[in-house]
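Dumped run-v5.pdb below, it's PDB, C-alpha atoms and all ligand atoms:
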```
ATOM      1  CA  MET A 327      40.804  25.085  26.913  1.00  0.00           C
ATOM      2  CA  ASN A 328      39.877  21.482  26.325  1.00  0.00           C
ATOM      3  CA  GLU A 329      42.971  19.507  25.518  1.00  0.00           C
ATOM      4  CA  VAL A 330      42.174  16.034  24.182  1.00  0.00           C
ATOM      5  CA  ILE A 331      45.629  14.870  23.131  1.00  0.00           C
ATOM      6  CA  LYS A 332      48.870  16.003  24.669  1.00  0.00           C
ATOM      7  CA  THR A 333      52.342  14.563  24.205  1.00  0.00           C
ATOM      8  CA  ARG A 334      55.390  15.319  26.285  1.00  0.00           C
ATOM      9  CA  HIS A 335      58.811  14.755  24.772  1.00  0.00           C
ATOM     10  CA  LEU A 336      57.874  11.686  22.742  1.00  0.00           C
ATOM     11  CA  VAL A 337      60.885   9.777  21.521  1.00  0.00           C
ATOM     12  CA  LYS A 338      60.718   6.608  19.467  1.00  0.00           C
ATOM     13  CA  ARG A 339      63.791   4.573  18.633  1.00  0.00           C
ATOM     14  CA  TYR A 340      63.570   1.456  16.537  1.00  0.00           C
ATOM     15  CA  PHE A 341      66.479  -0.798  17.407  1.00  0.00           C
ATOM     16  CA  LEU A 342      68.080  -2.819  14.654  1.00  0.00           C
ATOM     17  CA  GLU A 343      70.943  -5.273  15.030  1.00  0.00           C
ATOM     18  CA  SER A 344      73.806  -2.833  15.434  1.00  0.00           C
ATOM     19  CA  SER A 345      72.127   0.542  15.091  1.00  0.00           C
ATOM     20  CA  TYR A 346      68.850   2.300  15.636  1.00  0.00           C
ATOM     21  CA  VAL A 347      66.529   4.716  13.881  1.00  0.00           C
ATOM     22  CA  GLU A 348      65.251   7.649  15.894  1.00  0.00           C
ATOM     23  CA  ALA A 349      61.852   8.046  14.271  1.00  0.00           C
ATOM     24  CA  LEU A 350      60.570  10.642  16.787  1.00  0.00           C
ATOM     25  CA  LYS A 351      62.944  13.048  18.477  1.00  0.00           C
ATOM     26  CA  GLY A 352      61.010  14.656  21.304  1.00  0.00           C
ATOM     27  CA  ILE A 353      57.544  15.563  20.070  1.00  0.00           C
ATOM     28  CA  ASN A 354      55.455  17.997  22.119  1.00  0.00           C
ATOM     29  CA  LEU A 355      51.933  18.427  20.843  1.00  0.00           C
ATOM     30  CA  SER A 356      48.652  19.699  22.114  1.00  0.00           C
ATOM     31  CA  ILE A 357      45.420  19.046  20.256  1.00  0.00           C
ATOM     32  CA  GLU A 358      42.105  20.413  21.428  1.00  0.00           C
ATOM     33  CA  LYS A 359      38.651  18.882  21.349  1.00  0.00           C
ATOM     34  CA  GLY A 360      37.097  19.182  17.903  1.00  0.00           C
ATOM     35  CA  GLU A 361      40.305  20.075  16.111  1.00  0.00           C
ATOM     36  CA  MET A 362      40.865  18.471  12.719  1.00  0.00           C
ATOM     37  CA  VAL A 363      44.613  18.345  12.251  1.00  0.00           C
ATOM     38  CA  ALA A 364      46.567  17.362   9.150  1.00  0.00           C
ATOM     39  CA  LEU A 365      49.905  15.682   9.788  1.00  0.00           C
ATOM     40  CA  MET A 366      52.225  16.274   6.853  1.00  0.00           C
ATOM     41  CA  GLY A 367      55.869  15.710   6.098  1.00  0.00           C
ATOM     42  CA  PRO A 368      58.176  13.714   3.869  1.00  0.00           C
ATOM     43  CA  SER A 369      58.141   9.942   3.682  1.00  0.00           C
ATOM     44  CA  GLY A 370      59.990   8.594   6.720  1.00  0.00           C
ATOM     45  CA  SER A 371      59.457  11.735   8.821  1.00  0.00           C
ATOM     46  CA  GLY A 372      57.584   9.797  11.525  1.00  0.00           C
ATOM     47  CA  LYS A 373      53.887  10.355  10.749  1.00  0.00           C
ATOM     48  CA  SER A 374      52.798   6.724  11.073  1.00  0.00           C
ATOM     49  CA  THR A 375      54.985   6.206  14.125  1.00  0.00           C
ATOM     50  CA  LEU A 376      53.402   9.205  15.844  1.00  0.00           C
ATOM     51  CA  LEU A 377      49.840   8.147  15.000  1.00  0.00           C
ATOM     52  CA  HIS A 378      50.465   4.610  16.244  1.00  0.00           C
ATOM     53  CA  ILE A 379      51.723   5.936  19.567  1.00  0.00           C
ATOM     54  CA  LEU A 380      48.834   8.415  19.906  1.00  0.00           C
ATOM     55  CA  GLY A 381      46.469   5.484  19.354  1.00  0.00           C
ATOM     56  CA  GLY A 382      48.226   3.271  21.888  1.00  0.00           C
ATOM     57  CA  ILE A 383      49.123   0.778  19.174  1.00  0.00           C
ATOM     58  CA  ASP A 384      52.863   1.232  19.662  1.00  0.00           C
ATOM     59  CA  ILE A 385      54.756   2.376  22.757  1.00  0.00           C
ATOM     60  CA  PRO A 386      57.171   5.289  22.950  1.00  0.00           C
ATOM     61  CA  THR A 387      60.810   4.814  23.963  1.00  0.00           C
ATOM     62  CA  GLU A 388      60.573   7.971  26.073  1.00  0.00           C
ATOM     63  CA  GLY A 389      57.879  10.494  26.857  1.00  0.00           C
ATOM     64  CA  LYS A 390      54.174  10.428  27.573  1.00  0.00           C
ATOM     65  CA  VAL A 391      50.830  10.628  25.833  1.00  0.00           C
ATOM     66  CA  PHE A 392      47.820  12.040  27.645  1.00  0.00           C
ATOM     67  CA  VAL A 393      44.346  11.538  26.217  1.00  0.00           C
ATOM     68  CA  ASN A 394      41.663  13.471  28.065  1.00  0.00           C
ATOM     69  CA  GLY A 395      44.249  14.030  30.759  1.00  0.00           C
ATOM     70  CA  GLN A 396      45.024  10.332  31.244  1.00  0.00           C
ATOM     71  CA  ASP A 397      48.460   8.886  30.677  1.00  0.00           C
ATOM     72  CA  ILE A 398      47.613   6.086  28.238  1.00  0.00           C
ATOM     73  CA  PHE A 399      50.809   4.163  28.919  1.00  0.00           C
ATOM     74  CA  SER A 400      50.572   4.244  32.719  1.00  0.00           C
ATOM     75  CA  LEU A 401      50.197   0.836  34.314  1.00  0.00           C
ATOM     76  CA  LYS A 402      46.672   1.008  35.547  1.00  0.00           C
ATOM     77  CA  GLU A 403      45.192   2.418  32.369  1.00  0.00           C
ATOM     78  CA  LYS A 404      45.765  -0.404  29.889  1.00  0.00           C
ATOM     79  CA  SER A 405      45.575   0.953  26.384  1.00  0.00           C
ATOM     80  CA  CYS A 406      43.276  -1.643  24.887  1.00  0.00           C
ATOM     81  CA  PRO A 407      39.867  -0.756  26.369  1.00  0.00           C
ATOM     82  CA  PHE A 408      40.737   2.905  25.993  1.00  0.00           C
ATOM     83  CA  ARG A 409      41.432   2.399  22.305  1.00  0.00           C
ATOM     84  CA  ASN A 410      38.373   0.301  21.517  1.00  0.00           C
ATOM     85  CA  LYS A 411      35.948   2.761  23.004  1.00  0.00           C
ATOM     86  CA  HIS A 412      37.385   6.114  22.156  1.00  0.00           C
ATOM     87  CA  VAL A 413      39.646   5.894  19.144  1.00  0.00           C
ATOM     88  CA  GLY A 414      38.927   4.986  15.539  1.00  0.00           C
ATOM     89  CA  PHE A 415      42.137   4.129  13.727  1.00  0.00           C
ATOM     90  CA  VAL A 416      42.586   4.009   9.952  1.00  0.00           C
ATOM     91  CA  PHE A 417      45.812   2.188   9.112  1.00  0.00           C
ATOM     92  CA  GLN A 418      48.019   3.113   6.176  1.00  0.00           C
ATOM     93  CA  PHE A 419      47.845  -0.559   5.180  1.00  0.00           C
ATOM     94  CA  HIS A 420      44.299  -1.558   5.810  1.00  0.00           C
ATOM     95  CA  TYR A 421      44.538  -4.716   7.938  1.00  0.00           C
ATOM     96  CA  LEU A 422      41.058  -5.929   7.133  1.00  0.00           C
ATOM     97  CA  LEU A 423      40.276  -9.465   8.267  1.00  0.00           C
ATOM     98  CA  PRO A 424      40.756 -11.509   5.097  1.00  0.00           C
ATOM     99  CA  GLU A 425      38.262 -14.262   5.924  1.00  0.00           C
ATOM    100  CA  PHE A 426      35.402 -11.849   6.485  1.00  0.00           C
ATOM    101  CA  THR A 427      33.313  -9.834   4.050  1.00  0.00           C
ATOM    102  CA  ALA A 428      33.313  -6.042   3.859  1.00  0.00           C
ATOM    103  CA  LEU A 429      30.084  -5.955   5.850  1.00  0.00           C
ATOM    104  CA  GLU A 430      31.419  -8.310   8.524  1.00  0.00           C
ATOM    105  CA  ASN A 431      34.658  -6.365   8.858  1.00  0.00           C
ATOM    106  CA  VAL A 432      32.633  -3.266   9.715  1.00  0.00           C
ATOM    107  CA  MET A 433      30.097  -5.118  11.915  1.00  0.00           C
ATOM    108  CA  ILE A 434      32.684  -6.780  14.154  1.00  0.00           C
ATOM    109  CA  PRO A 435      33.694  -3.703  16.171  1.00  0.00           C
ATOM    110  CA  VAL A 436      30.025  -2.747  16.622  1.00  0.00           C
ATOM    111  CA  GLN A 437      29.128  -6.196  17.934  1.00  0.00           C
ATOM    112  CA  ILE A 438      31.642  -5.890  20.756  1.00  0.00           C
ATOM    113  CA  TYR A 439      29.193  -3.448  22.340  1.00  0.00           C
ATOM    114  CA  SER A 440      25.827  -4.549  21.015  1.00  0.00           C
ATOM    115  CA  LYS A 441      24.569  -7.164  18.624  1.00  0.00           C
ATOM    116  CA  GLU A 442      21.447  -5.224  17.902  1.00  0.00           C
ATOM    117  CA  GLY A 443      21.477  -3.004  14.860  1.00  0.00           C
ATOM    118  CA  ALA A 444      25.100  -3.795  14.030  1.00  0.00           C
ATOM    119  CA  LYS A 445      24.285  -4.931  10.508  1.00  0.00           C
ATOM    120  CA  GLU A 446      22.167  -1.899   9.708  1.00  0.00           C
ATOM    121  CA  LYS A 447      24.748   0.453  11.155  1.00  0.00           C
ATOM    122  CA  ALA A 448      27.543  -1.141   9.138  1.00  0.00           C
ATOM    123  CA  GLU A 449      25.442  -1.170   5.967  1.00  0.00           C
ATOM    124  CA  ARG A 450      24.573   2.483   6.327  1.00  0.00           C
ATOM    125  CA  ILE A 451      28.162   3.633   6.615  1.00  0.00           C
ATOM    126  CA  LEU A 452      29.375   1.378   3.784  1.00  0.00           C
ATOM    127  CA  GLU A 453      26.611   2.695   1.578  1.00  0.00           C
ATOM    128  CA  ARG A 454      27.639   6.238   2.406  1.00  0.00           C
ATOM    129  CA  LEU A 455      31.136   5.335   1.216  1.00  0.00           C
ATOM    130  CA  GLY A 456      29.846   3.993  -2.101  1.00  0.00           C
ATOM    131  CA  LEU A 457      30.127   0.287  -1.280  1.00  0.00           C
ATOM    132  CA  LYS A 458      26.465  -0.735  -1.327  1.00  0.00           C
ATOM    133  CA  ASP A 459      27.180  -3.337  -4.010  1.00  0.00           C
ATOM    134  CA  ARG A 460      30.322  -4.724  -2.376  1.00  0.00           C
ATOM    135  CA  LEU A 461      28.993  -5.711   1.057  1.00  0.00           C
ATOM    136  CA  ASN A 462      29.616  -9.407   0.567  1.00  0.00           C
ATOM    137  CA  HIS A 463      33.045  -9.172  -1.034  1.00  0.00           C
ATOM    138  CA  LYS A 464      36.065 -10.315   0.937  1.00  0.00           C
ATOM    139  CA  PRO A 465      39.064  -7.949   0.995  1.00  0.00           C
ATOM    140  CA  SER A 466      40.867  -9.921  -1.732  1.00  0.00           C
ATOM    141  CA  GLN A 467      37.812  -9.368  -3.920  1.00  0.00           C
ATOM    142  CA  LEU A 468      37.970  -5.597  -3.496  1.00  0.00           C
ATOM    143  CA  SER A 469      40.140  -2.976  -5.175  1.00  0.00           C
ATOM    144  CA  GLY A 470      42.740  -1.151  -3.067  1.00  0.00           C
ATOM    145  CA  GLY A 471      40.562   1.954  -2.822  1.00  0.00           C
ATOM    146  CA  GLU A 472      37.507  -0.126  -1.882  1.00  0.00           C
ATOM    147  CA  GLN A 473      39.503  -1.835   0.870  1.00  0.00           C
ATOM    148  CA  GLN A 474      40.570   1.576   2.088  1.00  0.00           C
ATOM    149  CA  ARG A 475      36.975   2.739   2.300  1.00  0.00           C
ATOM    150  CA  VAL A 476      35.987  -0.406   4.230  1.00  0.00           C
ATOM    151  CA  ALA A 477      38.817   0.364   6.669  1.00  0.00           C
ATOM    152  CA  ILE A 478      37.478   3.904   7.082  1.00  0.00           C
ATOM    153  CA  ALA A 479      33.952   2.577   7.673  1.00  0.00           C
ATOM    154  CA  ARG A 480      35.335   0.249  10.336  1.00  0.00           C
ATOM    155  CA  ALA A 481      37.152   3.094  12.068  1.00  0.00           C
ATOM    156  CA  VAL A 482      34.157   5.425  12.276  1.00  0.00           C
ATOM    157  CA  VAL A 483      31.293   2.977  12.829  1.00  0.00           C
ATOM    158  CA  ASN A 484      31.422   3.123  16.651  1.00  0.00           C
ATOM    159  CA  ASN A 485      31.264   6.933  16.765  1.00  0.00           C
ATOM    160  CA  PRO A 486      34.692   7.387  18.348  1.00  0.00           C
ATOM    161  CA  ASP A 487      35.646  10.654  20.068  1.00  0.00           C
ATOM    162  CA  ILE A 488      38.989  10.610  18.280  1.00  0.00           C
ATOM    163  CA  ILE A 489      39.842   9.475  14.767  1.00  0.00           C
ATOM    164  CA  LEU A 490      43.466   8.847  13.854  1.00  0.00           C
ATOM    165  CA  ALA A 491      43.794   8.264  10.125  1.00  0.00           C
ATOM    166  CA  ASP A 492      47.016   7.299   8.380  1.00  0.00           C
ATOM    167  CA  GLU A 493      46.796   8.388   4.742  1.00  0.00           C
ATOM    168  CA  PRO A 494      43.092   7.529   4.542  1.00  0.00           C
ATOM    169  CA  THR A 495      42.900   8.681   0.932  1.00  0.00           C
ATOM    170  CA  GLY A 496      46.241   7.294  -0.240  1.00  0.00           C
ATOM    171  CA  ASN A 497      44.625   4.848  -2.667  1.00  0.00           C
ATOM    172  CA  LEU A 498      41.645   6.929  -3.696  1.00  0.00           C
ATOM    173  CA  ASP A 499      40.792   8.914  -6.808  1.00  0.00           C
ATOM    174  CA  SER A 500      39.679  12.505  -6.388  1.00  0.00           C
ATOM    175  CA  LYS A 501      35.976  11.657  -6.326  1.00  0.00           C
ATOM    176  CA  ASN A 502      36.361   9.147  -3.512  1.00  0.00           C
ATOM    177  CA  THR A 503      38.823  11.383  -1.701  1.00  0.00           C
ATOM    178  CA  GLU A 504      36.015  13.926  -1.605  1.00  0.00           C
ATOM    179  CA  VAL A 505      33.491  11.334  -0.384  1.00  0.00           C
ATOM    180  CA  VAL A 506      35.803  10.268   2.437  1.00  0.00           C
ATOM    181  CA  MET A 507      36.845  13.783   3.430  1.00  0.00           C
ATOM    182  CA  ASN A 508      33.234  15.009   3.421  1.00  0.00           C
ATOM    183  CA  LEU A 509      32.334  12.171   5.778  1.00  0.00           C
ATOM    184  CA  LEU A 510      35.256  12.958   8.097  1.00  0.00           C
ATOM    185  CA  LYS A 511      34.482  16.674   7.998  1.00  0.00           C
ATOM    186  CA  GLU A 512      30.860  15.977   8.857  1.00  0.00           C
ATOM    187  CA  LEU A 513      31.844  13.813  11.844  1.00  0.00           C
ATOM    188  CA  ASN A 514      34.179  16.573  12.927  1.00  0.00           C
ATOM    189  CA  GLU A 515      31.591  19.335  12.622  1.00  0.00           C
ATOM    190  CA  LYS A 516      28.445  17.534  13.796  1.00  0.00           C
ATOM    191  CA  ASN A 517      29.878  15.269  16.497  1.00  0.00           C
ATOM    192  CA  ASN A 518      32.903  17.384  17.402  1.00  0.00           C
ATOM    193  CA  VAL A 519      35.210  14.417  16.741  1.00  0.00           C
ATOM    194  CA  THR A 520      38.890  15.253  17.157  1.00  0.00           C
ATOM    195  CA  MET A 521      40.984  14.077  14.224  1.00  0.00           C
ATOM    196  CA  VAL A 522      44.589  13.694  13.232  1.00  0.00           C
ATOM    197  CA  ILE A 523      45.057  12.787   9.583  1.00  0.00           C
ATOM    198  CA  ALA A 524      48.445  11.918   8.110  1.00  0.00           C
ATOM    199  CA  THR A 525      48.529  12.824   4.451  1.00  0.00           C
ATOM    200  CA  HIS A 526      50.741  13.779   1.534  1.00  0.00           C
ATOM    201  CA  ASP A 527      47.775  15.425  -0.177  1.00  0.00           C
ATOM    202  CA  ARG A 528      47.356  19.206   0.113  1.00  0.00           C
ATOM    203  CA  GLU A 529      43.686  18.932  -0.776  1.00  0.00           C
ATOM    204  CA  VAL A 530      43.151  16.694   2.232  1.00  0.00           C
ATOM    205  CA  ALA A 531      45.012  19.167   4.429  1.00  0.00           C
ATOM    206  CA  GLU A 532      42.677  21.898   3.221  1.00  0.00           C
ATOM    207  CA  TYR A 533      39.734  20.162   4.903  1.00  0.00           C
ATOM    208  CA  CYS A 534      41.603  20.449   8.191  1.00  0.00           C
ATOM    209  CA  SER A 535      41.744  23.362  10.599  1.00  0.00           C
ATOM    210  CA  ARG A 536      45.488  23.111  11.199  1.00  0.00           C
ATOM    211  CA  THR A 537      48.550  21.412   9.754  1.00  0.00           C
ATOM    212  CA  ILE A 538      51.422  19.995  11.766  1.00  0.00           C
ATOM    213  CA  TYR A 539      54.591  19.422   9.732  1.00  0.00           C
ATOM    214  CA  LEU A 540      57.007  16.710  10.735  1.00  0.00           C
ATOM    215  CA  LYS A 541      60.538  16.548   9.477  1.00  0.00           C
ATOM    216  CA  ASP A 542      63.085  13.965  10.590  1.00  0.00           C
ATOM    217  CA  GLY A 543      61.066  13.146  13.675  1.00  0.00           C
ATOM    218  CA  THR A 544      60.607  16.723  14.864  1.00  0.00           C
ATOM    219  CA  VAL A 545      57.748  19.199  14.568  1.00  0.00           C
ATOM    220  CA  GLN A 546      58.389  22.123  12.241  1.00  0.00           C
ATOM    221  CA  SER A 547      56.364  25.140  13.326  1.00  0.00           C
TER     222      SER A 547
HETATM  223  N1  LIG B 601      59.671  -1.254  12.736  1.00  0.00           N
HETATM  224  C1  LIG B 601      60.636  -0.416  12.373  1.00  0.00           C
HETATM  225  N2  LIG B 601      61.941  -0.724  12.545  1.00  0.00           N
HETATM  226  C2  LIG B 601      62.921   0.125  12.190  1.00  0.00           C
HETATM  227  N3  LIG B 601      62.705   1.331  11.632  1.00  0.00           N
HETATM  228  C3  LIG B 601      61.419   1.704  11.420  1.00  0.00           C
HETATM  229  C4  LIG B 601      60.324   0.844  11.772  1.00  0.00           C
HETATM  230  N4  LIG B 601      59.182   1.476  11.438  1.00  0.00           N
HETATM  231  C5  LIG B 601      59.546   2.665  10.913  1.00  0.00           C
HETATM  232  N5  LIG B 601      60.890   2.802  10.898  1.00  0.00           N
HETATM  233  C6  LIG B 601      61.653   3.984  10.434  1.00  0.00           C
HETATM  234  O1  LIG B 601      61.171   5.112  11.163  1.00  0.00           O
HETATM  235  C7  LIG B 601      61.071   6.253  10.318  1.00  0.00           C
HETATM  236  C8  LIG B 601      59.667   6.827  10.387  1.00  0.00           C
HETATM  237  O2  LIG B 601      58.765   5.907   9.784  1.00  0.00           O
HETATM  238  P1  LIG B 601      57.222   6.235   9.601  1.00  0.00           P
HETATM  239  O3  LIG B 601      56.570   5.000   9.087  1.00  0.00           O
HETATM  240  O4  LIG B 601      56.703   6.816  10.859  1.00  0.00           O
HETATM  241  O5  LIG B 601      57.277   7.378   8.467  1.00  0.00           O
HETATM  242  P2  LIG B 601      56.078   8.134   7.700  1.00  0.00           P
HETATM  243  O6  LIG B 601      56.266   9.592   7.931  1.00  0.00           O
HETATM  244  O7  LIG B 601      54.783   7.532   8.082  1.00  0.00           O
HETATM  245  O8  LIG B 601      56.423   7.828   6.175  1.00  0.00           O
HETATM  246  P3  LIG B 601      55.438   7.572   4.909  1.00  0.00           P
HETATM  247  O9  LIG B 601      55.007   8.934   4.441  1.00  0.00           O
HETATM  248  O10 LIG B 601      56.331   6.903   3.928  1.00  0.00           O
HETATM  249  O11 LIG B 601      54.306   6.692   5.357  1.00  0.00           O
HETATM  250  C9  LIG B 601      61.479   5.784   8.924  1.00  0.00           C
HETATM  251  O12 LIG B 601      62.794   6.208   8.688  1.00  0.00           O
HETATM  252  C10 LIG B 601      61.387   4.284   8.983  1.00  0.00           C
HETATM  253  O13 LIG B 601      62.348   3.683   8.155  1.00  0.00           O
HETATM  254 MG    MG B 602      53.377   6.404   7.073  1.00  0.00          MG
END
```

What is this structure when it is put down as C-alpha cells?
Amino acid sequence: MNEVIKTRHLVKRYFLESSYVEALKGINLSIEKGEMVALMGPSGSGKSTLLHILGGIDIPTEGKVFVNGQDIFSLKEKSCPFRNKHVGFVFQFHYLLPEFTALENVMIPVQIYSKEGAKEKAERILERLGLKDRLNHKPSQLSGGEQQRVAIARAVVNNPDIILADEPTGNLDSKNTEVVMNLLKELNEKNNVTMVIATHDREVAEYCSRTIYLKDGTVQS
C-alpha cells in the first residue's frame, strides 16, 4: 500500500461575526499513489475547502493532513516549499497574474527551478492545450475557457507528483473538456501522478478511477 494523501478527522469552520459555517465535519480520506479521484457533491458541500487544505493553501480548524507520510501542517514542515515542488493546483477561479502573458504565467513556476528551457516547456504545454496562438495574450485578453487552460498548463508544467484541480473544466466546452481530461489522464497513466479533481461533470468523473461524494461537509460512501 502506498498512501500519498491521508486525512484524519479534518474539520474546517469559517467564523463569521456571530456564527460560523462548518464546511468540513471530520473528513477521513486515504488516497493511494497513482489514483485519479473525482470529488463530487452539491455546491457548498466543501469540495474547494477540502482541496485547499489538501494543497496546504488553507489550514484546517481541527485534524491533520499527511502527504507521503508527512504532516503538512506540523511546525517544521512549512507548507510552501512542499507545495511548490510536489503539488500542482488548479483553482476554481484561475488567479492568473494579470500583468503577465499566458506564456509568462506558465513560465514563472518553471523558472523558480531552472531558467533553461522554461520557455520551450511552457510553449509545449500551452500548445498541447490549444493555445499556440494566444501565448502573448494577457489574461484579460483571453476567454474564460482559455484562462482556465492557461491555469491548467501552469499547474502541470513542473511535473508535480500530485495534481489538485478544482473544477478544471468548469468553463470549457465538450471538446476542450476532452483535451484537458486526456492530458490529465495521460499524466496519471504515464507519470503515475496522483490526482483529486473536484467536478460537477459526470463525464469528468468517468475519466477517474474512483469518486468521493461530499455532502454537507461529510464523505458519503
Ligand atoms: N471564507 C469563507 N467564509 C465563510 N464561509 C465560507 C468561506 N468559504 C466557503 N464558505 C462556506 O463553506 C461551505 C463550503 O464551501 P466550498 O467552497 O468548499 O464548497 P464547494 O463544494 O466547493 O461548492 P461549489 O460546488 O459551489 O464550488 C459553503 O457553505 C460556503 O458558503
Ligand atoms: Mg468549489

Could you list, as a ChimeraX atom specification, all the residues within 12 Å of ligand MG 602 (chain B), counting all atoms listed in the file? /A:349,365-378,416-419,491-494,496,523-526,540

Give me the residues near A:Arg334 as a ChimeraX atom specification, where near means some atom within 7 Å (using all atoms listed in the file) and where sequence neighbours in that chain fewer than 5 positions away do not count. /A:353-354,389-391

Which is closest to A:Leu490 among A:Asn508, A:Thr520, A:Asn462, A:Ser547, if we use all atoms listed in the file?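 Smallest distance to A:Leu490 is found for A:Thr520.
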
With only C-alpha atoms and all ligand atoms as the basis for distance, which of A:Glu343, A:Val413, A:Val330, A:Glu430 is at the shortest distance from ligand LIG 601 (chain B)?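 Once distances to ligand LIG 601 (chain B) are computed over only C-alpha atoms and all ligand atoms, the minimum belongs to A:Glu343.
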
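Here the question is which of A:Ser345, A:Asn431, A:Gln546, A:Gln467 gets nearest to ligand LIG 601 (chain B) using only C-alpha atoms and all ligand atoms, and that residue is A:Ser345.
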
Test item: residues at most 12 Å from A:Tyr340, all atoms listed in the file, excluding those fewer than 2 positions along its chain, as a PyMOL selection string: chain A and resi 337-338+342-351+372+375+384-388

Enter the distance from atom CA of A:Gly395 to atom O6 of ligand LIG 601 (chain B), in Å, rounded to one decimal.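 Straight-line distance from atom CA of A:Gly395 to atom O6 of ligand LIG 601 (chain B) works out to 26.2 Å.
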
To one decimal in Å, tell me the separation between atom CA of A:Tyr539 and atom CA of A:Asn394. 23.2 Å

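Of the residues under consideration (A:Ile434, A:Ile379, A:Leu355, A:Ala477), A:Ile379 shows the shortest atom-to-atom contact distance to ligand LIG 601 (chain B) when counting all atoms listed in the file.
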
Atom pair atom CA of A:Gln473 / atom CA of A:Asn485: separation (Å): 19.9 Å
